[in-house]
Amino acid sequence: MSAKTTTSILYLDGVSVSFDGFRAINNLSLVLEPGEMRAIIGPNGAGKTTMMDIITGKTRPDEGEVFFDGRVDLTKHDESEIAMLGIGRKFQKPTVFESHTVEDNLVLALAGPRKAIPALFHRQTKAERERIDEILQTIRLTARRDELAAALSHGQKQWLEIGMLLAQDPKLLLVDEPVAGMTDAETEETARLLREIAQTRSVIVVEHDMQFVRELDVKVTCLHEGTVLAEGSLDQVSGDSRVIEVYLGR
Amino acid sequence: MPVLRIFRLIFILIAVMAGPARADDAALRTMLNGLANADGFAAIEKIVGDIAATGDPKAERALGALSSGDLYVRKADKTVLIGKSKTGGYVLSDPLTGDVAGEAKRSEVEKIKVNNTLRRVVREALGGLTLASVDPRARLNAAETIFKSGDPHAIPTLDAAIARETDPAVKERLMEARASATLKAQAPVAETTAALETIAGRGDREALSLLKSYEAGAQGELKDAAGAAIAKIEQTLALWAAGQNVWYGISLGSVLLLAAVGLAITFGVMGVINMAHGEMVMIGAYTTFVVQDLIRQYSPDLFDWSLPIALPLAFLVSAGVGLIIERGIIRFLYGRPLETLLATWGVSLVLQQTVRSLFGPTNREVGNPSWMSGAFQLGELTITWNRLWIVVFALIVFALLLYVLNRTALGLQMRAVTQNRRMASSMGIRTPWIDAMTFALGSGIAGIAGVALSQIDNVSPDLGQGYIIDSFMVVVFGGVGNLWGTLVGAFTLGVLNKFLEPYAGAVLGKIAVLILIILFIQKRPRGLFALKGRAVEA
Amino acid sequence: MITRFLAGGLERRINILLAILVAAAVLVPVLHLAVPASSPLHMPTYVVALVGKYLTYALLALALDLVWGFCGILSLGHAAFFALGGYAMGMYLMRQIGARSVYGNPDLPDFMVFLNWKELPWFWHGFDHFWFAMLMVMAVPGLLAFVFGWFAFRSRITGVYLSIITQALTYALMLAFFRNNMGFGGNNGLTDFKDILGFNIQADATRSALFAASALALALGVLVTSALVRSKYGKLLIAARDAESRMRFLGYRPENIKLFAFTLSAVMAGIAGALYVPQVGIINPGEFAPANSIEVVVWTAVGGRGTIIGPIIGALLVNGGKSWFTGALPELWLFALGALFIATTLFLPKGIVGAWEEWWKQRRERDGRAPMMSARNPIESPAE
């Protein structure tokens, strides 16, 4: 373990994983500082989602180190433990509890004990109610708090899911394609929302939409075939000849 | 009974004079006629023993008649003759040559009575006599008879037979028979030890029981030698028993394979749990019944062909029913596997009740054609023809299915749909049609499985129910979407079941297998040969 | 805390249901015992026994609904928990026979005397005490469900796989209980009961009391279940049904959420079985048959899964239908049951209650009233 791990919020070194002989992630290394927001780009099949699976404990890497918050070895924990450590994840396809109301979705996501039996006798506290009101405002769903999540539009579901991440109060957010299926206005709004969130937390955003990435205005990492191809500002990365080759072909 | 004693003396003298191996007809005739004066079973037994000692094959006819109760004494001249009953009396014939010797009224002759002990003695005597037969099989049987009785008196006869024997297989049997006789003859230690080894080399159950009874009466060194021989045989037998279990396991595995392979396709391709799969098997079995019934009525000569005729019909009937179920019910339930499970359970109830109404609730008789009846012996293994044919048949069906899946356009499309339904659909594959065809194929295969199962199981409306859970276990164990998994799964579970049975009994063995599978799914939730990768997770 | 928890489940429909059940628990014994047989209001013995049996079925269906309707676990083995509860009660009733059995052995039940057993097997000890038997009625199914569920949910077995292994479980138990040397009476099971808590089991008063106990047990089951699904835990249950991975990434352990519901459900099924056995007078291995478990599923589906009253309505309707059919047109019953399975899944996926709710909602919307805001009892088709 190098000295770097003690200060970074997320540290991946030499991570590889393969499915049936296909190397989805190949010797991937990535370091994220506390409070940093990072955009990850890359063509389809570059290993973006698999990387998130590894960080959140859904997939075990074949080799390599994954450390969180300087000292926690993420390869030794499963999904729920990693979530409780303070890593939140938004899926590519918005995943919310569709048969619950918007408010109940947030209630379930609120930080707090996760055991089954105490949930039987749980009563909402004033602090919890206020926190939910606050999040509803942030994600602009106050008016629809009593509606079923299933009734929301695609973009609103994306926001609700981000809201659930906020309620979970994580140190690190992994956000997979947050603006897919959003209108331009919604996209702009989402970029603003993420920048706001990034003031207090570390964020990794995976996105295809270059306009959106530009709006985020953060350091960019380009993945290709499971490994880091280029890293730097968006202009640097998009000027890189190998990146151009990967995206446009020779 | 001094008279008897004198007679016996005379006979022995004659026998000795005539030599151990040969006696002329006259001597034999005298001995036979002695039966007319024999008083009681013991006396008859003595005479039989004397006749046997001559080793003359000509006595065969007379002894055979004696054991079947066809030997009579003509009261007029006290001669012994063979009698065949006819109305009002008997046709008599010569006991040695078989020439007709006139007729007699019922009152003119007296039957020579035999009891079971005597019959056995006669059988043994015959065994000694047939040692001299020209037919090697008869000699083999004779050697076997002596081996079982171990009559020490037969040793000289055996020695002679061994000396002139040319067939090595028969010779081996004769040596074993001699060894068996040696054990009973209180022979010297060295000779007995050699005999024990010979018998141990035979390694079957008869040898074992022989040695065991010898061991019980033996002492010291010989007892130990017998014990060692027994241990050796038991080891060989244990190996054979294991082999027999493997065979039973393979046989059960082939049945499971037949029942499960259709299910594996529908489950693999469509993700559909078809609870009516067992009823497709049942329909195939009833198709066989109908075919045999028609053949019995209209053309009994064709009976041996009933199964080849039933196979395509059963396939078509079951596939047709499957197609109706898919088009009528299942296609409305795609993406809702649990509802499909319930609806197909409903279908299975309806099908069972339909068959019950049509054919009655009791078992229907489905016969085995001659080429599927009986059994043969392979070493210590007993293999029945119907089981053997079913194993062969299951493998053929499996191979055909592999061919269909891997070499035909339909198979390619089915595999495409298994891996990625949406992609296949956008490539222009008509997924609904593939689903219908897959379901029909899976059902049709269940139908032909029914033809095979009708040969070993009761054909009743509940036939399918007995297989459904086992088939699912095979598919779950083997892994979905992989036919080889089903093959390995079926045979593994079959053999495992049969190996657990002797220790745990049939029911507990089955329970143990179920528990093992439940534990196994813990380790590998997607079965033995699972598809891996991200696509599966989605 | 408990009272507040239970009160949390009260709403109008549940209140009405509870009122009906309590009223039945009081009225039926009165109509049966106090009203003379000549009166048209008199309730004959066979009706009391029949409806009492249906009530235990309803409790079983409610137990299944808790895991299937609210948590998406389609158990095809719930009859096993019902039967285990029944066997525990049956063992108590066997011990009550004492020396009045055919062989007259005061220490051993008849079937053990018949098998030439010399002493009571260890697992029969304690069943002479009612309290112990009642403890086992809940503990045995609960423990089995806990162990089984712990293995199954931990390895993330879901959907049809889970259904199939639950079916295998009840099948294995059926085979086991058919064995004579298991010590549960083999084929014949346990029967020829004489009395319960000292009262003659055939007596009208005992029957009435058992009926009342069944109605009250069902009422309690309704109260607990509705309070449960309304609590935060209930929301987690539905969340685990619809988006298990989302829950996991929020830090919950869906396997624990499911395990609690599965175990509780098995305990409820066990109690239902324990009330069933004295009313029908026999328990045998046939109760473990996989077909029985699936029948419970269809009661629940017909009534409407994911609702509290649905499974109860379903159990009463289907079993009422079964009694009528098997009396009037016995050979058609399986056709009817099969058709019911098919028709429910094809045309009535949300069951009677679900369809009625939908119709009601549409009517309200047509009438121009505000759409129902409440997300209570959501029965969206679960993601499987």
# chains A, B, ... in the order shown; residues from 1 in each chain; ligands from 1
$ interface_residues --of "chain B" --to "chain C" --cutoff "10 Å" --atoms "only C-alpha atoms" --output "number ranges by chain"
B: 271-273, 329-330, 332-333, 335-354, 356-357, 465, 469-470, 472-473, 476, 506-508, 510-515, 517-519, 521-526
$ interface_residues --of "chain A" --to "chain B" --cutoff "10 Å" --atoms "only C-alpha atoms" --output "MDAnalysis selection string"
chainID A and resid 18:22 24 49:50 59
$ residues_around --residues "region 193-201 of chain C" --least-positions-apart "6" --cutoff "10 Å" --atoms "only C-alpha atoms" --output "MDAnalysis selection string"
chainID C and resid 89:98 100:101 129:130 207 210 277:279 281:282
$ interface_residues --of "chain C" --to "chain A" --cutoff "7 Å" --atoms "only C-alpha atoms" --output "PyMOL selection string"
chain C and resi 5+228+231-233+239+242-243+246+248-253+256-257+373+375+378+380
$ residues_around --residues "Leu275 (chain C)" --least-positions-apart "3" --cutoff "9 Å" --atoms "only C-alpha atoms" --output "PyMOL selection string"
chain C and resi 52-53+56+85-86+89+210-211+213-214+217+270-272+278-279
$ select_by_dssp --residues "region 77-115 of chain A" --states "helix (DSSP H, G or I)" --output "PyMOL selection string"
chain A and resi 79-85+102-109
$ atom_distance --atom1 "CA of Ala46 (chain A)" --atom2 "CA of Val17 (chain A)"
12.7 Å
$ select_by_dssp --residues "region 55-241 of chain A" --states "strand (DSSP E)" --output "JSON, numbers by chain"
{"A": [63, 64, 65, 66, 67, 68, 72, 73, 87, 88, 89, 90, 172, 173, 174, 175, 176, 202, 203, 204, 205, 206, 219, 220, 221, 222, 223, 224, 227, 228, 229, 230, 231, 232]}
$ residues_around --residues "Tyr103 (chain C)" --least-positions-apart "6" --cutoff "10 Å" --atoms "only C-alpha atoms" --output "PyMOL selection string"
chain C and resi 109-111+113-114
$ write_last_selection --atoms "N, CA, C and O atoms" --output "compact mmCIF listing (two decimals), in the first residue's frame"
# COMPACT_ATOMS: atom_id res chain seq x y z
N PRO C 109 -48.35 -44.39 21.66
CA PRO C 109 -49.46 -44.35 20.71
C PRO C 109 -49.57 -45.70 19.99
O PRO C 109 -48.58 -46.44 19.88
N ASP C 110 -50.77 -45.98 19.47
CA ASP C 110 -51.03 -47.28 18.85
C ASP C 110 -50.01 -47.67 17.81
O ASP C 110 -49.53 -48.79 17.78
N PHE C 111 -49.67 -46.70 16.91
CA PHE C 111 -48.81 -47.10 15.80
C PHE C 111 -47.43 -47.53 16.29
O PHE C 111 -46.78 -48.36 15.67
N VAL C 113 -46.91 -49.11 19.22
CA VAL C 113 -47.13 -50.45 19.74
C VAL C 113 -47.14 -51.43 18.58
O VAL C 113 -46.52 -52.48 18.60
N PHE C 114 -47.82 -51.03 17.51
CA PHE C 114 -47.93 -51.87 16.32
C PHE C 114 -46.55 -52.14 15.72
O PHE C 114 -46.28 -53.23 15.23
$ residues_around --residues "region 14-24 of chain C" --least-positions-apart "4" --cutoff "7 Å" --atoms "only C-alpha atoms" --output "VMD selection string"
chain C and resid 10 28 215 to 216 219
$ closest_residue --among "B:Thr236, B:Ser180, B:Ser133, B:Ser460" --to "Ile155 (chain B)" --atoms "only C-alpha atoms"
B:Ser180
$ closest_residue --among "A:Asp53, A:Glu33, A:Glu103, A:Glu130" --to "Asp69 (chain A)" --atoms "only C-alpha atoms"
A:Glu33
$ atom_distance --atom1 "CA of Arg230 (chain C)" --atom2 "CA of Thr263 (chain C)"
18.4 Å
$ atom_distance --atom1 "CA of Trp124 (chain C)" --atom2 "CA of Pro106 (chain C)"
14.1 Å
$ decode --residues "region 83-176 of chain B" --atoms "C-alpha atoms" --output "JSON list (two decimals), in the first residue's frame"
[["chain", "number", "residue", "atom", "x", "y", "z"],
["B", 83, "GLY", "CA", -44.75, -94.83, -18.15],
["B", 84, "LYS", "CA", -46.60, -92.06, -19.94],
["B", 85, "SER", "CA", -50.20, -91.79, -18.86],
["B", 86, "LYS", "CA", -52.97, -92.23, -21.40],
["B", 87, "THR", "CA", -56.68, -92.79, -20.88],
["B", 88, "GLY", "CA", -57.18, -95.76, -18.63],
["B", 89, "GLY", "CA", -53.51, -96.65, -18.31],
["B", 90, "TYR", "CA", -49.94, -96.06, -19.42],
["B", 91, "VAL", "CA", -47.74, -96.39, -22.44],
["B", 92, "LEU", "CA", -44.60, -98.09, -21.24],
["B", 93, "SER", "CA", -41.10, -97.69, -22.62],
["B", 94, "ASP", "CA", -37.66, -98.99, -21.87],
["B", 95, "PRO", "CA", -35.83, -96.86, -19.30],
["B", 96, "LEU", "CA", -32.46, -97.11, -21.06],
["B", 97, "THR", "CA", -33.22, -97.12, -24.75],
["B", 98, "GLY", "CA", -36.63, -95.47, -24.75],
["B", 99, "ASP", "CA", -38.13, -98.21, -26.97],
["B", 100, "VAL", "CA", -41.82, -98.76, -26.50],
["B", 101, "ALA", "CA", -42.49, -101.74, -24.29],
["B", 102, "GLY", "CA", -46.22, -102.14, -24.49],
["B", 103, "GLU", "CA", -49.08, -100.75, -22.44],
["B", 104, "ALA", "CA", -50.44, -101.32, -19.00],
["B", 105, "LYS", "CA", -53.61, -100.69, -17.04],
["B", 106, "ARG", "CA", -53.52, -98.50, -14.00],
["B", 107, "SER", "CA", -53.71, -101.44, -11.65],
["B", 108, "GLU", "CA", -50.91, -103.32, -13.35],
["B", 109, "VAL", "CA", -48.14, -100.88, -12.47],
["B", 110, "GLU", "CA", -46.94, -99.14, -9.37],
["B", 111, "LYS", "CA", -45.34, -95.69, -9.37],
["B", 112, "ILE", "CA", -41.91, -95.29, -7.77],
["B", 113, "LYS", "CA", -42.49, -92.42, -5.42],
["B", 114, "VAL", "CA", -39.95, -89.65, -4.93],
["B", 115, "ASN", "CA", -39.67, -86.83, -2.42],
["B", 116, "ASN", "CA", -37.76, -83.56, -2.60],
["B", 117, "THR", "CA", -34.60, -84.91, -1.02],
["B", 118, "LEU", "CA", -34.59, -87.70, -3.52],
["B", 119, "ARG", "CA", -35.19, -85.31, -6.40],
["B", 120, "ARG", "CA", -32.11, -83.39, -5.38],
["B", 121, "VAL", "CA", -30.07, -86.56, -5.18],
["B", 122, "VAL", "CA", -31.28, -87.53, -8.62],
["B", 123, "ARG", "CA", -30.41, -84.09, -9.96],
["B", 124, "GLU", "CA", -26.91, -84.41, -8.59],
["B", 125, "ALA", "CA", -26.58, -87.86, -10.01],
["B", 126, "LEU", "CA", -27.68, -86.57, -13.37],
["B", 127, "GLY", "CA", -25.04, -83.86, -13.03],
["B", 128, "GLY", "CA", -22.40, -86.53, -12.72],
["B", 129, "LEU", "CA", -23.78, -88.43, -15.68],
["B", 130, "THR", "CA", -23.93, -85.45, -18.00],
["B", 131, "LEU", "CA", -20.27, -84.83, -17.41],
["B", 132, "ALA", "CA", -19.78, -87.33, -20.15],
["B", 133, "SER", "CA", -22.19, -85.64, -22.55],
["B", 134, "VAL", "CA", -20.97, -84.59, -26.00],
["B", 135, "ASP", "CA", -22.63, -81.19, -25.65],
["B", 136, "PRO", "CA", -20.16, -78.79, -23.90],
["B", 137, "ARG", "CA", -23.04, -76.78, -22.45],
["B", 138, "ALA", "CA", -24.45, -79.91, -20.85],
["B", 139, "ARG", "CA", -21.04, -80.68, -19.40],
["B", 140, "LEU", "CA", -20.78, -77.14, -18.11],
["B", 141, "ASN", "CA", -24.15, -77.42, -16.41],
["B", 142, "ALA", "CA", -23.20, -80.74, -14.95],
["B", 143, "ALA", "CA", -19.99, -79.30, -13.53],
["B", 144, "GLU", "CA", -22.04, -76.48, -12.06],
["B", 145, "THR", "CA", -24.46, -78.92, -10.44],
["B", 146, "ILE", "CA", -21.61, -80.80, -8.79],
["B", 147, "PHE", "CA", -20.02, -77.54, -7.75],
["B", 148, "LYS", "CA", -23.15, -76.68, -5.82],
["B", 149, "SER", "CA", -23.62, -80.12, -4.25],
["B", 150, "GLY", "CA", -19.91, -80.80, -3.72],
["B", 151, "ASP", "CA", -20.54, -84.55, -3.69],
["B", 152, "PRO", "CA", -17.19, -86.21, -2.75],
["B", 153, "HIS", "CA", -18.19, -89.38, -4.60],
["B", 154, "ALA", "CA", -18.01, -87.47, -7.84],
["B", 155, "ILE", "CA", -14.26, -86.89, -7.57],
["B", 156, "PRO", "CA", -13.19, -89.93, -9.63],
["B", 157, "THR", "CA", -15.78, -89.08, -12.29],
["B", 158, "LEU", "CA", -14.59, -85.50, -12.30],
["B", 159, "ASP", "CA", -10.95, -86.53, -12.61],
["B", 160, "ALA", "CA", -11.81, -88.60, -15.61],
["B", 161, "ALA", "CA", -13.84, -85.77, -17.09],
["B", 162, "ILE", "CA", -11.04, -83.26, -16.49],
["B", 163, "ALA", "CA", -8.56, -85.58, -18.13],
["B", 164, "ARG", "CA", -10.53, -85.82, -21.35],
["B", 165, "GLU", "CA", -11.88, -82.28, -21.39],
["B", 166, "THR", "CA", -10.66, -80.07, -24.25],
["B", 167, "ASP", "CA", -12.78, -76.97, -23.82],
["B", 168, "PRO", "CA", -10.84, -74.64, -21.43],
["B", 169, "ALA", "CA", -13.97, -72.93, -20.08],
["B", 170, "VAL", "CA", -15.57, -76.25, -19.23],
["B", 171, "LYS", "CA", -12.30, -77.49, -17.83],
["B", 172, "GLU", "CA", -12.16, -74.53, -15.47],
["B", 173, "ARG", "CA", -15.64, -75.24, -14.24],
["B", 174, "LEU", "CA", -14.77, -78.90, -13.77],
["B", 175, "MET", "CA", -11.73, -77.96, -11.69],
["B", 176, "GLU", "CA", -13.92, -75.75, -9.55]]
